[in-house]
>>> print(open('entry26.tsv').read())   # TSV, C-alpha atoms
chain	number	residue	atom	x	y	z
J	1	MET	CA	5.10	-37.16	-12.99
J	2	PRO	CA	7.01	-34.91	-15.37
J	3	ILE	CA	6.84	-31.14	-15.07
J	4	ARG	CA	5.25	-29.61	-18.16
J	5	ILE	CA	5.15	-25.83	-18.24
J	6	LEU	CA	4.05	-23.47	-20.97
J	7	LEU	CA	5.44	-19.96	-20.46
J	8	GLU	CA	2.78	-17.81	-22.05
J	9	GLY	CA	3.34	-14.18	-22.87
J	10	HIS	CA	2.72	-11.42	-25.35
J	11	PRO	CA	5.38	-10.55	-27.94
J	12	GLY	CA	8.15	-8.61	-26.23
J	13	ALA	CA	7.31	-9.90	-22.74
J	14	GLY	CA	10.70	-11.60	-22.49
J	15	LYS	CA	9.90	-15.28	-23.14
J	16	THR	CA	13.17	-16.00	-24.94
J	17	THR	CA	15.22	-14.10	-22.37
J	18	ALA	CA	13.53	-15.99	-19.52
J	19	LEU	CA	14.16	-19.36	-21.18
J	20	ARG	CA	17.82	-18.52	-21.84
J	21	ARG	CA	18.27	-17.42	-18.21
J	22	LEU	CA	16.65	-20.64	-17.05
J	23	ALA	CA	19.07	-22.68	-19.18
J	24	ALA	CA	22.03	-20.70	-17.78
J	25	LEU	CA	20.91	-21.41	-14.20
J	26	LEU	CA	20.84	-25.17	-14.73
J	27	PRO	CA	23.84	-27.48	-14.53
J	28	THR	CA	25.70	-27.91	-17.82
J	29	HIS	CA	24.01	-30.45	-20.09
J	30	ALA	CA	20.98	-30.65	-17.79
J	31	ALA	CA	18.73	-29.56	-20.64
J	32	THR	CA	18.38	-29.92	-24.38
J	33	GLY	CA	16.36	-27.86	-26.82
J	34	PHE	CA	16.54	-24.50	-28.56
J	35	THR	CA	15.78	-20.80	-28.45
J	36	THR	CA	14.96	-18.34	-31.20
J	37	GLU	CA	16.29	-14.85	-31.70
J	38	GLU	CA	15.35	-11.89	-33.84
J	39	ILE	CA	17.67	-10.93	-36.68
J	40	ARG	CA	17.82	-7.16	-37.12
J	41	GLN	CA	19.33	-4.99	-39.85
J	42	SER	CA	19.45	-1.21	-39.39
J	43	GLY	CA	17.06	-1.55	-36.44
J	44	ALA	CA	14.38	-3.44	-38.40
J	45	ARG	CA	13.49	-7.07	-37.74
J	46	VAL	CA	14.21	-9.09	-40.89
J	47	GLY	CA	14.12	-12.65	-39.58
J	48	PHE	CA	14.67	-15.17	-36.84
J	49	ALA	CA	17.55	-17.50	-36.03
J	50	LEU	CA	17.22	-20.80	-34.20
J	51	GLU	CA	19.98	-21.69	-31.73
J	52	THR	CA	20.30	-25.01	-29.94
J	53	LEU	CA	21.42	-25.17	-26.33
J	54	ALA	CA	24.44	-27.06	-27.69
J	55	GLY	CA	25.43	-24.03	-29.79
J	56	GLY	CA	24.19	-24.83	-33.31
J	57	ARG	CA	22.68	-21.80	-35.05
J	58	GLU	CA	20.92	-21.20	-38.39
J	59	VAL	CA	18.44	-18.77	-39.94
J	60	LEU	CA	14.93	-20.18	-39.46
J	61	ALA	CA	12.94	-17.41	-41.14
J	62	HIS	CA	13.87	-14.33	-43.10
J	63	VAL	CA	12.26	-11.74	-45.38
J	64	ASP	CA	14.65	-12.88	-48.15
J	65	LEU	CA	13.72	-16.59	-47.91
J	66	PRO	CA	11.16	-17.58	-50.53
J	67	GLY	CA	9.25	-20.20	-48.53
J	68	PRO	CA	6.95	-22.00	-48.57
J	69	PRO	CA	5.93	-21.95	-45.89
J	70	ARG	CA	5.51	-18.27	-45.26
J	71	VAL	CA	4.51	-16.71	-41.96
J	72	GLY	CA	3.65	-13.08	-42.49
J	73	LYS	CA	6.49	-11.45	-44.40
J	74	TYR	CA	8.94	-14.24	-43.55
J	75	GLY	CA	9.86	-17.27	-45.60
J	76	VAL	CA	10.54	-20.22	-43.28
J	77	ASP	CA	13.24	-22.86	-43.83
J	78	PRO	CA	11.78	-26.09	-42.35
J	79	GLY	CA	15.13	-27.77	-42.95
J	80	VAL	CA	16.50	-25.81	-39.99
J	81	MET	CA	14.01	-27.58	-37.74
J	82	ASP	CA	15.04	-30.93	-39.24
J	83	ARG	CA	18.77	-30.26	-38.82
J	84	LEU	CA	18.89	-28.44	-35.48
J	85	ALA	CA	15.75	-28.78	-33.38
J	86	LEU	CA	14.41	-32.24	-34.14
J	87	PRO	CA	17.41	-34.47	-33.31
J	88	SER	CA	17.57	-33.41	-29.65
J	89	LEU	CA	13.78	-33.37	-29.24
J	90	ARG	CA	13.39	-36.84	-30.72
J	91	SER	CA	16.19	-38.33	-28.63
J	92	ALA	CA	14.75	-36.83	-25.45
J	93	ALA	CA	11.35	-38.33	-26.25
J	94	THR	CA	12.58	-41.80	-27.17
J	95	GLU	CA	15.53	-42.47	-24.86
J	96	GLU	CA	15.24	-43.35	-21.19
J	97	ALA	CA	14.98	-39.72	-20.24
J	98	THR	CA	13.48	-39.67	-16.76
J	99	GLY	CA	14.55	-36.41	-15.19
J	100	ARG	CA	15.73	-34.92	-18.48
J	101	LEU	CA	14.59	-31.41	-19.34
J	102	VAL	CA	13.68	-30.04	-22.76
J	103	LEU	CA	13.48	-26.27	-23.33
J	104	ILE	CA	11.60	-25.04	-26.41
J	105	ASP	CA	11.41	-21.43	-27.57
J	106	GLU	CA	8.94	-21.43	-29.03
J	107	LEU	CA	5.75	-23.20	-30.01
J	108	GLY	CA	5.04	-20.49	-32.57
J	109	ARG	CA	3.72	-20.31	-36.11
J	110	MET	CA	7.15	-20.52	-37.76
J	111	GLU	CA	8.20	-23.59	-35.79
J	112	LEU	CA	4.79	-25.25	-36.05
J	113	ALA	CA	4.89	-24.85	-39.85
J	114	CYS	CA	7.09	-27.97	-39.69
J	115	THR	CA	4.85	-31.04	-39.34
J	116	ALA	CA	7.74	-33.15	-38.02
J	117	PHE	CA	8.26	-30.57	-35.26
J	118	ARG	CA	4.61	-30.81	-34.20
J	119	ASP	CA	4.97	-34.62	-34.11
J	120	ALA	CA	8.16	-34.36	-32.02
J	121	VAL	CA	6.46	-32.00	-29.55
J	122	GLU	CA	3.53	-34.39	-29.18
J	123	ALA	CA	5.97	-37.25	-28.53
J	124	LEU	CA	7.76	-35.15	-25.89
J	125	PHE	CA	4.53	-34.43	-24.06
J	126	ALA	CA	3.77	-38.16	-24.07
J	127	ALA	CA	7.23	-39.10	-22.72
J	128	GLU	CA	8.52	-39.10	-19.14
J	129	VAL	CA	10.50	-35.91	-19.64
J	130	ASP	CA	10.21	-32.42	-18.16
J	131	VAL	CA	9.32	-29.72	-20.71
J	132	VAL	CA	9.34	-25.94	-20.47
J	133	ALA	CA	8.17	-24.27	-23.67
J	134	THR	CA	7.29	-20.71	-24.56
J	135	VAL	CA	4.03	-19.92	-26.30
J	136	HIS	CA	2.18	-16.81	-27.50
J	137	THR	CA	-1.09	-15.75	-25.98
J	138	GLN	CA	-2.75	-15.81	-29.41
J	139	ARG	CA	-5.00	-18.70	-30.32
J	140	ASP	CA	-3.67	-21.62	-32.36
J	141	PRO	CA	-5.26	-25.08	-32.67
J	142	PHE	CA	-2.02	-26.90	-31.74
J	143	THR	CA	-1.10	-24.80	-28.72
J	144	ASP	CA	-4.72	-24.47	-27.61
J	145	ALA	CA	-4.91	-28.28	-27.42
J	146	LEU	CA	-1.72	-28.36	-25.32
J	147	LYS	CA	-3.06	-25.66	-23.00
J	148	ARG	CA	-6.18	-27.74	-22.33
J	149	ARG	CA	-4.23	-30.80	-21.17
J	150	ALA	CA	-4.59	-31.60	-17.47
J	151	ASP	CA	-0.83	-32.24	-17.10
J	152	ILE	CA	0.16	-28.79	-18.41
J	153	GLU	CA	0.80	-25.82	-16.15
J	154	ILE	CA	0.46	-22.44	-17.85
J	155	VAL	CA	2.66	-19.74	-16.33
J	156	GLN	CA	2.01	-16.17	-17.44
J	157	LEU	CA	5.24	-14.33	-18.24
J	158	THR	CA	5.07	-10.57	-17.88
J	159	PRO	CA	7.62	-7.76	-17.69
J	160	ALA	CA	6.88	-7.70	-13.94
J	161	ASN	CA	7.87	-11.35	-13.28
J	162	ARG	CA	10.33	-12.13	-16.08
J	163	ASP	CA	13.43	-11.38	-13.99
J	164	VAL	CA	12.53	-13.61	-11.02
J	165	LEU	CA	10.73	-16.41	-12.87
J	166	PRO	CA	13.83	-18.19	-14.30
J	167	GLY	CA	15.32	-18.60	-10.81
J	168	LYS	CA	12.05	-19.93	-9.41
J	169	LEU	CA	11.69	-22.40	-12.28
J	170	ALA	CA	15.32	-23.55	-12.00
J	171	ALA	CA	14.90	-24.23	-8.28
J	172	ARG	CA	11.69	-26.14	-8.92
J	173	LEU	CA	13.12	-28.23	-11.77
J	174	GLN	CA	16.15	-29.20	-9.67
J	175	GLN	CA	14.15	-30.35	-6.65
J	176	PRO	CA	14.31	-34.09	-6.04
J	177	ARG	CA	11.03	-35.73	-7.01
J	178	THR	CA	9.65	-39.13	-6.37
J	179	HIS	CA	8.46	-41.02	-9.43
J	180	GLY	CA	5.45	-42.91	-8.20
J	181	GLY	CA	6.98	-44.70	-5.22
J	182	PRO	CA	6.92	-43.78	-1.55
J	183	PRO	CA	9.61	-41.39	-0.36
J	184	SER	CA	12.69	-43.07	1.02
J	185	HIS	CA	13.69	-42.38	4.57
J	186	GLY	CA	17.18	-43.74	3.94
>>> encode(input="entry26.tsv", output="structure tokens")
Amino acid sequence: MPIRILLEGHPGAGKTTALRRLAALLPTHAATGFTTEEIRQSGARVGFALETLAGGREVLAHVDLPGPPRVGKYGVDPGVMDRLALPSLRSAATEEATGRLVLIDELGRMELACTAFRDAVEALFAAEVDVVATVHTQRDPFTDALKRRADIEIVQLTPANRDVLPGKLAARLQQPRTHGGPPSHG
């Protein structure tokens, strides 16, 4: 059975940092997916960039983007999701991906403004693929439905555990697992 973890934390708890550390602790090319990062000018947050684990990077949301959609003061460019995030998510969900890991930062309002992204996430959670995704503590119909699934483990990320959690998750994700059959005694 695939591992499906939602790292839940308040803004500033270190969700992105934890997910990036997890990716760095895994063997090269062991995971696919993306992280997001604040864009700051003169100390003020003005937007967010999306960066794939393969190194692609574009501005996802910015105060200067017109939208729609808009999330708070930010205009969101859904094309960034189409160009950067969706190709790897879709291939992980449709290919023979047993044992493959997808890292998503994050299942947030800006990302979920893209309907195709929501569809890709649903396909991932239906596939035989491991998923670790970050999510806010705030309520949202899409993430609330994920949190209620029996196959989802919610892990609270706090400033107190954010430094040790990536190592624990990496060790767990790299453990050999049996996929339905009896263990071999080879």
>>> closest_residue(input="entry26.tsv", among="J:Asp77, J:Glu153, J:Glu38, J:Asp105", to="Ala23 of chain J", atoms="all atoms listed in the file")
J:Asp105
>>> atom_distance(input="entry26.tsv", atom1="atom CA of Arg162 of chain J", atom2="atom CA of Gly14 of chain J")
6.4 Å
>>> closest_residue(input="entry26.tsv", among="J:Leu89, J:Leu7, J:Ala113, J:Ala160", to="Phe125 of chain J", atoms="only C-alpha atoms")
J:Leu89
>>> closest_residue(input="entry26.tsv", among="J:His10, J:Arg57, J:Arg83, J:His62", to="Arg40 of chain J", atoms="all atoms listed in the file")
J:His62
>>> residues_around(input="entry26.tsv", residues="Thr134 of chain J", least_positions_apart="5", cutoff="8 Å", atoms="all atoms listed in the file", output="count of residues only")
11
>>> closest_residue(input="entry26.tsv", among="J:Gly33, J:Gly55, J:Gly67, J:Gly79", to="Ala92 of chain J", atoms="all atoms listed in the file")
J:Gly33
>>> atom_distance(input="entry26.tsv", atom1="atom CA of Thr115 of chain J", atom2="atom CA of Met81 of chain J")
9.9 Å
>>> atom_distance(input="entry26.tsv", atom1="atom CA of Phe34 of chain J", atom2="atom CA of Leu169 of chain J")
17.1 Å
>>> closest_residue(input="entry26.tsv", among="J:Ala123, J:Ala170, J:Ala44, J:Val63", to="Thr94 of chain J", atoms="all atoms listed in the file")
J:Ala123
>>> residues_around(input="entry26.tsv", residues="Val71 of chain J", least_positions_apart="6", cutoff="12 Å", atoms="only C-alpha atoms", output="PDB file with C-alpha atoms, in the frame of the given file")
ATOM      1  CA  GLY J  47      14.120 -12.650 -39.580  1.00  0.00           C
ATOM      2  CA  PHE J  48      14.670 -15.170 -36.840  1.00  0.00           C
ATOM      3  CA  LEU J  60      14.930 -20.180 -39.460  1.00  0.00           C
ATOM      4  CA  ALA J  61      12.940 -17.410 -41.140  1.00  0.00           C
ATOM      5  CA  HIS J  62      13.870 -14.330 -43.100  1.00  0.00           C
ATOM      6  CA  VAL J  63      12.260 -11.740 -45.380  1.00  0.00           C
ATOM      7  CA  LEU J  65      13.720 -16.590 -47.910  1.00  0.00           C
ATOM      8  CA  ASP J  77      13.240 -22.860 -43.830  1.00  0.00           C
ATOM      9  CA  PRO J  78      11.780 -26.090 -42.350  1.00  0.00           C
ATOM     10  CA  GLY J 108       5.040 -20.490 -32.570  1.00  0.00           C
ATOM     11  CA  ARG J 109       3.720 -20.310 -36.110  1.00  0.00           C
ATOM     12  CA  MET J 110       7.150 -20.520 -37.760  1.00  0.00           C
ATOM     13  CA  GLU J 111       8.200 -23.590 -35.790  1.00  0.00           C
ATOM     14  CA  LEU J 112       4.790 -25.250 -36.050  1.00  0.00           C
ATOM     15  CA  ALA J 113       4.890 -24.850 -39.850  1.00  0.00           C
ATOM     16  CA  CYS J 114       7.090 -27.970 -39.690  1.00  0.00           C
TER      17      CYS J 114
END
>>> closest_residue(input="entry26.tsv", among="J:Ala31, J:Val76, J:Val46, J:Val59", to="Asp130 of chain J", atoms="all atoms listed in the file")
J:Ala31
